[in-house]
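Working notes, beginning with the structure itself.
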Amino acid sequence: MNKKLYDKLIFELSHPGRKGYSLPDNGLGDTAHGTDKAAALGASLLRSEKPDLPEADELTVVRHYNNMSTNNFGVDTGFYPLGSCTMKYNPKINEEMASHPGFASMHPAVGQAAQGNLEMYWNLQNALSEIGGMSEFTLNPFAGAHGELTGLMTIRAYHESRGDTKRCKVIVPDSAHGTNPASAAVAGLEVVEVKSRPDGTVDVDDLRPLLDDTVAAMMMTNPNTLGLFEKNIPEIARLVHQAGALMYYDGANLNPMLGVARPGDMGFDVMHINLHKTFSTPHGGGGPGSGPVGVRKGLEQFLPNPRVIRHTAADGKVTFRLTGDGKALGQVSAWLGNFAVQARALAYILSLGSEGLMEAGPLATLNANYIKEQLKDDYLLPIETVCKHEFVFDGLKDKSTGVTTLNVAKRLLDYGFHAPTIYFPLLFHESLMIEPTETESPETLDRFIEVMHAIAREARENPEAVISAPHETPISHPDDTEAALNPKTTYIKD
Amino acid sequence: MHKYFPHTAQDIRRMLATCGVESLADLYADVPEELRMKAPYALGKGKSETEIRRYFNALASKNAPVEACFAGAGVYDHAVPATVSSLAGRSEFLTAYTPYQPEISQGTLQYIFEYQTIMSRLTGLDVSNASMYDGTTATAEAMLMAIAAGKKRRRILVSATLNPRVRAVVDTYAHYHGVPLETIPQKDGVTDLSALEQMLQAHADVAGVILAEPNYYGIVEDFSGVADMVHARKALLILNCVAADLATLRTPGEWGADIACGDAQSLGLPMSYGGPYLGYLCATKALMRKMPGRIVGQTTDAEGRRCFVLTLQAREQHIRREKATSNICSNQGLMTLCVAAYVALHGANGLREIAYRGHQMALYLLDRMTAEGGCCLKYAGKPFLNEFLLKLDVDAQEFIDYALREEKILAGVAVDGDCLLMAATEMQTKDDADRLAKAYGRYLNIAKEHKAARQ
Amino acid sequence: MIKYSKTHEYVKVEGEYGYIGVSDYAQKELGNVVYVDMPEVGDELEAGEDFGAIESVKAASDLIAPVSGEVVEINEALEENPRLVNADAMANWIVKVKIADPAELDSLMDEAQYAEYIRK
């Protein structure tokens, strides 16, 4: 990463009269074709002024964005131990397949004439069903949060189909990510929090009295937000089902379960998967993602339209069809979701195969425990137990130095690492959440451990150096208050 | 081990010892035995890159080939410059997460800020967010935003001329969120404005009115006076617009809209069989703090350097939880880079030239199709830019299938059985239009013969 | 007379009117206030219901009405400079209401009770 700030904006490089495009000859020449069938587009329907947009030649544009990219840190740049985000390696072959000209140039209205595309969709949903222990997946949701919303709507559609309309609540652990309650609210459900026990797992005794015939679902991750496996999951599922509600699995933490256990076998009825976490599709600075939703047998008809179905004719010929179901929750996307993201995930699953997938989860867990065990002397580990793919420290052990989790995170940037997730979960004041993933080598982990120890040492010996970090990044200490107080969200020439 | 995993057997032994356990299975001692997988996944052996390429090539060969595309309906066949694809492939952009650490994410923050500026200038509205998933969800979010701004008002009126796929997603969100939704009828292919006025009079609780420009049939509607009518009833005007057309057509800002939303696929994103695209959402300054999603803002750092951060985060789900306007916790980062680079390459002149080419080809196509007979413009006498609805004498889907099979041309999108929605861009040639029109002429005869044979 | 709610709003009573704001404790907890979302004059507040929100850079909190009543004035100075809340939370009230039911004041805490409440 380049530590010198590239500070230009494209508007400042604009030069009237320059252009970076050329258009193909369409054979119609310059003559305007009039028609008496439609009215002409009158001035009142056109914009009064040309928009003020940049004008630049191709090389200027290329250099501008390339220079900008050097101020960015990605998985391809260095270690990215961002807890709950599963920043694993994004394989290059996935990118090549996503931009395969046979798919990338296809208009979605081609529909069933794109048999290859539908087969790809079906194969991926089938593989995810195998991995999730589900009956069918829809790949239509665009992201994890969109998957949550779709999953909760699926659950509501199921209850509605039985005429059970009083189920308006969803139970969410108090350790859950803020997206869970937000998704529930958008889906028209009321959120009820269930308490965690001191070890971060769901308190079954607190759950029992919450369960009645107004509960639509219980929403959980497993392992939970602290990276701990919910051992009581069979009991929880039994209680929830007894109350007539469904179990929802938030797939944010699916990665360590690869090769170990399947949500369907744990008693979950509906789940979503983040393809951009567990299945290696790149995060793209915020998106695009993909959040497929799976359901157990008997709930398939409630998944959003359109669905892709495999049809075998009497003569054995297999075709794939787009269908819709009247019982479905409705549509959550215009077409079939983020198709090019799905292509990447399928390429990843094909590359790993069964054997590779079986290895992935345990290695992610090994990497996390390896870091945890070696840092717990300097960092406060609130729950002393084997974790799964991630774990949470409650800041530095030595609280006398005045060095906070935020300071540690910023100091890490100086050493060339991305920061862990900080101040989440809310269960601790100084949460520092580390998730290494399975694609990092022991040497990378060793270097990270060494740096984390060095920062703890600095905190003791020279706390100011940590508190004032970062020192070696393109910018330092941006003024967040000023940004929120007087928002400047578009470029205005000085 | 698989090539993505660096661990040797020796590494694993050493690491397990550090963790104080003997085997990888010991790390899962807390998973009850009955929950553990009893057999490996039934997913076959891992494939080499060569085998993966063969696999995808084989799938691609099963797709019907398309040499020219006259389908639109919200997704348009525009050229994607090599520059755009190449820049989007830069791994510093591609493999970064959401820019939570602004010190090492200025690249992402800078291009999102450029994107916001571009969308604000295109729509003529003050503020743009950092993008939504696509045009359908952006419109649904615009509806939720109007409700959040409307305090106790919750009713939403939607024009019958809105793209039915957008409407389907809006319907889903409305149904589960408990939003009363009503359809403003259409008259001759455009929103019936007198019906809208009556509906506004009839209900005191209207939070927002959703209209489309151009509408689903490609018609450019005249919204003169609409904003005043809507604002007089304290409701918000939401316009769903095709992003590429915003450089040419009267803007949402000029129509007096409060919120503009829609898909920006038409600004440099490949059609990719439906995604990933990008939904844009812009609004007036008064509504800035009701906007869902990420927003990037300009500020300065400790040394006074201009820099960018995620701002106004107090609106968002990770802080507001169930009280947030929306549950979205991401944006289409990489796609906003594509839009910024695409617009930088084309400028206003390029976008207008492309819009003109689409208009020119659409007029030519309309003339050629109608010259074959057996079809006419469904809503005659209305202005359009690059998309129009033809009423056919035959079943539209059957003709689409025929043209795809015989000419490798995607003729359009079937609407209501006998109508064909056709769109043109800079990508089709005169020859494509001629071939398609001739195919229609032939198909009319085939259909006639079939009909005669049946009688 | 000044009374406090458990959600850290205060109401300063002057005759039949009440000035509602957030306590000094609340402004400290929030940190730099960047925005105050206020109701409009004429809106009816209902005790226990939210009537707006107060935002800092990294937090947001609903404003819960300690008493019911019609909004007769909003503190427009906060639109320009929301950080006045940090400067002096007691002087910079958010809305002025015409108190609908003075009996509601009885269920609120007085200063001593509130001091004890936040000490816990």
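By convention in this document, the chains of the structure tokens carry letters A, B, ... by their order, each chain's residues are numbered from 1, and ligands are numbered from 1 in the order they are shown.
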
For this session: Write out as a VMD selection string the residues lying within 9 Å of C:Asp50, counting only C-alpha atoms and excluding same-chain residues fewer than 4 positions away.
Result: chain C and resid 45 to 46 62 to 65

Save out the residues we just selected, C-alpha atoms, as a PDB file, in the first residue's frame.
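Printed below is out-v3.pdb as written:
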ATOM      1  CA  LEU C  45     -46.474  14.804  22.267  1.00  0.00           C
ATOM      2  CA  GLU C  46     -47.608  11.838  24.265  1.00  0.00           C
ATOM      3  CA  ASP C  62     -34.680   8.604  20.685  1.00  0.00           C
ATOM      4  CA  LEU C  63     -36.172  11.547  22.509  1.00  0.00           C
ATOM      5  CA  ILE C  64     -38.965  10.276  24.734  1.00  0.00           C
ATOM      6  CA  ALA C  65     -41.581  12.766  25.913  1.00  0.00           C
TER       7      ALA C  65
END

Listing only residues of chain C within 12 Å of chain B, what is the closest atom pair and its distance in Å (to one decimal) for each, using only C-alpha atoms, sorted by chain and residue number ascending, as JSON lines?
{"residue": "C:Leu30", "atom": "CA", "partner": "B:Ala314", "partner_atom": "CA", "distance": 11.1}
{"residue": "C:Val33", "atom": "CA", "partner": "B:Ala314", "partner_atom": "CA", "distance": 10.8}
{"residue": "C:Val34", "atom": "CA", "partner": "B:Leu312", "partner_atom": "CA", "distance": 8.9}
{"residue": "C:Tyr35", "atom": "CA", "partner": "B:Arg289", "partner_atom": "CA", "distance": 9.1}
{"residue": "C:Val36", "atom": "CA", "partner": "B:Arg289", "partner_atom": "CA", "distance": 10.4}
{"residue": "C:Asp37", "atom": "CA", "partner": "B:Arg289", "partner_atom": "CA", "distance": 8.9}
{"residue": "C:Met38", "atom": "CA", "partner": "B:Lys151", "partner_atom": "CA", "distance": 11.8}
{"residue": "C:Pro39", "atom": "CA", "partner": "B:Lys151", "partner_atom": "CA", "distance": 9.7}
{"residue": "C:Glu40", "atom": "CA", "partner": "B:Lys151", "partner_atom": "CA", "distance": 11.1}
{"residue": "C:Asp43", "atom": "CA", "partner": "B:Lys151", "partner_atom": "CA", "distance": 10.8}
{"residue": "C:Glu44", "atom": "CA", "partner": "B:Lys152", "partner_atom": "CA", "distance": 11.9}
{"residue": "C:Asp50", "atom": "CA", "partner": "B:Lys151", "partner_atom": "CA", "distance": 11.0}
{"residue": "C:Phe51", "atom": "CA", "partner": "B:Lys151", "partner_atom": "CA", "distance": 9.7}
{"residue": "C:Gly52", "atom": "CA", "partner": "B:Lys151", "partner_atom": "CA", "distance": 10.1}
{"residue": "C:Ala53", "atom": "CA", "partner": "B:Arg315", "partner_atom": "CA", "distance": 10.1}
{"residue": "C:Ile54", "atom": "CA", "partner": "B:Ala314", "partner_atom": "CA", "distance": 9.2}
{"residue": "C:Glu55", "atom": "CA", "partner": "B:Ala314", "partner_atom": "CA", "distance": 6.2}
{"residue": "C:Ser56", "atom": "CA", "partner": "B:Ala314", "partner_atom": "CA", "distance": 7.0}
{"residue": "C:Val57", "atom": "CA", "partner": "B:Ala314", "partner_atom": "CA", "distance": 6.6}
{"residue": "C:Lys58", "atom": "CA", "partner": "B:Ala314", "partner_atom": "CA", "distance": 5.9}
{"residue": "C:Ala59", "atom": "CA", "partner": "B:Ala314", "partner_atom": "CA", "distance": 5.4}
{"residue": "C:Ala60", "atom": "CA", "partner": "B:Ala314", "partner_atom": "CA", "distance": 5.3}
{"residue": "C:Ser61", "atom": "CA", "partner": "B:Arg320", "partner_atom": "CA", "distance": 8.1}
{"residue": "C:Asp62", "atom": "CA", "partner": "B:Lys323", "partner_atom": "CA", "distance": 9.1}
{"residue": "C:Glu79", "atom": "CA", "partner": "B:Ala286", "partner_atom": "CA", "distance": 11.8}

Quick one: write out the picked residues with C-alpha atoms as a CSV table (one decimal), in the first residue's frame?
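Contents of out32.csv, as written:
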chain,number,residue,atom,x,y,z
C,30,LEU,CA,-23.7,10.8,23.7
C,33,VAL,CA,-24.0,16.0,19.3
C,34,VAL,CA,-24.2,16.5,15.5
C,35,TYR,CA,-27.9,16.6,14.9
C,36,VAL,CA,-31.2,17.0,16.8
C,37,ASP,CA,-34.3,15.7,15.0
C,38,MET,CA,-37.1,17.9,16.3
C,39,PRO,CA,-40.9,17.8,15.9
C,40,GLU,CA,-42.9,20.6,14.4
C,43,ASP,CA,-47.4,18.4,17.1
C,44,GLU,CA,-48.9,16.6,20.0
C,50,ASP,CA,-40.7,9.3,21.1
C,51,PHE,CA,-40.9,12.7,19.5
C,52,GLY,CA,-37.5,13.0,17.8
C,53,ALA,CA,-33.9,11.9,18.1
C,54,ILE,CA,-30.6,13.2,19.1
C,55,GLU,CA,-27.5,12.0,17.2
C,56,SER,CA,-23.8,12.1,17.9
C,57,VAL,CA,-21.1,10.8,15.6
C,58,LYS,CA,-21.3,7.2,16.8
C,59,ALA,CA,-24.6,7.0,18.7
C,60,ALA,CA,-28.2,8.0,18.4
C,61,SER,CA,-30.9,8.1,20.9
C,62,ASP,CA,-34.7,8.6,20.7
C,79,GLU,CA,-30.7,23.4,13.9

For this session: Using only C-alpha atoms, determine which residues of chain A fall within 8 Å of chain C; present them as number ranges by chain.
Result: A: 480-481, 484-485

Please, could you write that set of residues out with N, CA and C atoms as a PDB file, in the first residue's frame?
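Result written to result38.pdb:
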ATOM      1  N   ASP A 480     -14.322  13.131  12.214  1.00  0.00           N
ATOM      2  CA  ASP A 480     -15.668  12.563  12.032  1.00  0.00           C
ATOM      3  C   ASP A 480     -16.762  13.538  12.455  1.00  0.00           C
ATOM      4  N   THR A 481     -16.479  14.313  13.494  1.00  0.00           N
ATOM      5  CA  THR A 481     -17.503  15.230  14.006  1.00  0.00           C
ATOM      6  C   THR A 481     -17.821  16.289  12.968  1.00  0.00           C
ATOM      7  N   ALA A 484     -20.007  14.932  10.213  1.00  0.00           N
ATOM      8  CA  ALA A 484     -21.419  14.719  10.555  1.00  0.00           C
ATOM      9  C   ALA A 484     -22.148  16.022  10.861  1.00  0.00           C
ATOM     10  N   LEU A 485     -21.386  17.009  11.349  1.00  0.00           N
ATOM     11  CA  LEU A 485     -21.988  18.277  11.742  1.00  0.00           C
ATOM     12  C   LEU A 485     -22.355  19.118  10.517  1.00  0.00           C
TER      13      LEU A 485
END

For this session: Going by DSSP on the backbone, which bits of stretch 203-384 of chain A are strand (DSSP E or B)? Write them as a VMD selection string, please.
Result: chain A and resid 215 to 220 246 to 250 261 270 to 272 293 to 295 305 307 to 312 318 to 323 331 379

Exercise. Which polymer residues have any atom within 10 Å of an atom of B:Tyr277, counting only C-alpha atoms, with same-chain residues fewer than 2 positions away left out, as an MDAnalysis selection string?
Worked result: (chainID A and resid 142 288 337:339) or (chainID B and resid 75 132:135 263:272 274:275 279:280 332 334:336)

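When only C-alpha atoms are used to compute distances to B:Gly293, the closest of the residues A:Thr179, A:Leu28, A:Leu303, A:Phe279 turns out to be A:Thr179.
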
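Minimum distance to chain B across A:Asn462, A:Asn253, A:Thr385, A:Thr489 (counting only C-alpha atoms) occurs at A:Thr489.
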
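When the distance limit is 7 Å and only C-alpha atoms are what count, the residues near B:Ile156, minus those fewer than 3 positions from it on the same chain, are Pro180, Leu181, Glu182, Val206, Ala207, Gly208 and Val209 of chain B.
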
Exercise. Quick one: residues within 7 Å of stretch 414-424 of chain B, only C-alpha atoms counted, chain neighbours fewer than 5 positions away excluded, as a PyMOL selection string?
Worked result: chain B and resi 70-72+217+358+361-362+386-397

Exercise. Which polymer residues have any atom within 9 Å of an atom of stretch 406-411 of chain B, counting only C-alpha atoms, with same-chain residues fewer than 3 positions away left out, as JSON, numbers by chain?
Worked result: {"A": [107, 109, 110], "B": [64, 65, 66, 67, 68, 69, 70, 71, 399, 400, 401, 402, 403, 420, 421, 422, 423, 432, 435, 436, 439]}

For this session: Pick out the residues sitting within 8 Å of B:Ala344, and hand them over as a ChimeraX atom specification; count only C-alpha atoms, and ignore anything fewer than 2 positions along from it in its own chain.
Result: /A:10,20,53-56,61 /B:340-342,346-347

For this session: Determine which residues of stretch 208-251 of chain A receive a DSSP assignment of alpha helix (DSSP H), computed from the backbone, and state them as number ranges by chain.
Result: A: 233-242

For this session: Using atom CA of A:Ala127 and atom CA of A:Ser84 as the two end points, give the distance in Å to one decimal.
Result: 23.0 Å

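Atom CA of B:Asn129 sits 6.4 Å away from atom CA of B:Cys282.
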
Problem set entry | Pick from B:Gly44, B:Gly333, B:Gly412, B:Gly297 nearest to A:Pro487, counting only C-alpha atoms | B:Gly297

Exercise. Do you have the atom CA of A:Ile309-atom CA of A:Glu119 distance handy?
Worked result: 9.3 Å

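With distances taken over only C-alpha atoms, B:Leu249 is the one residue among B:Leu249, B:Leu162, B:Leu16, B:Val170 lying closest to chain A.
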
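Shortest separation to chain B among A:Ala345, A:Ala157, A:Ala104, A:Val170 occurs at residue A:Ala104, atoms counted being only C-alpha atoms.
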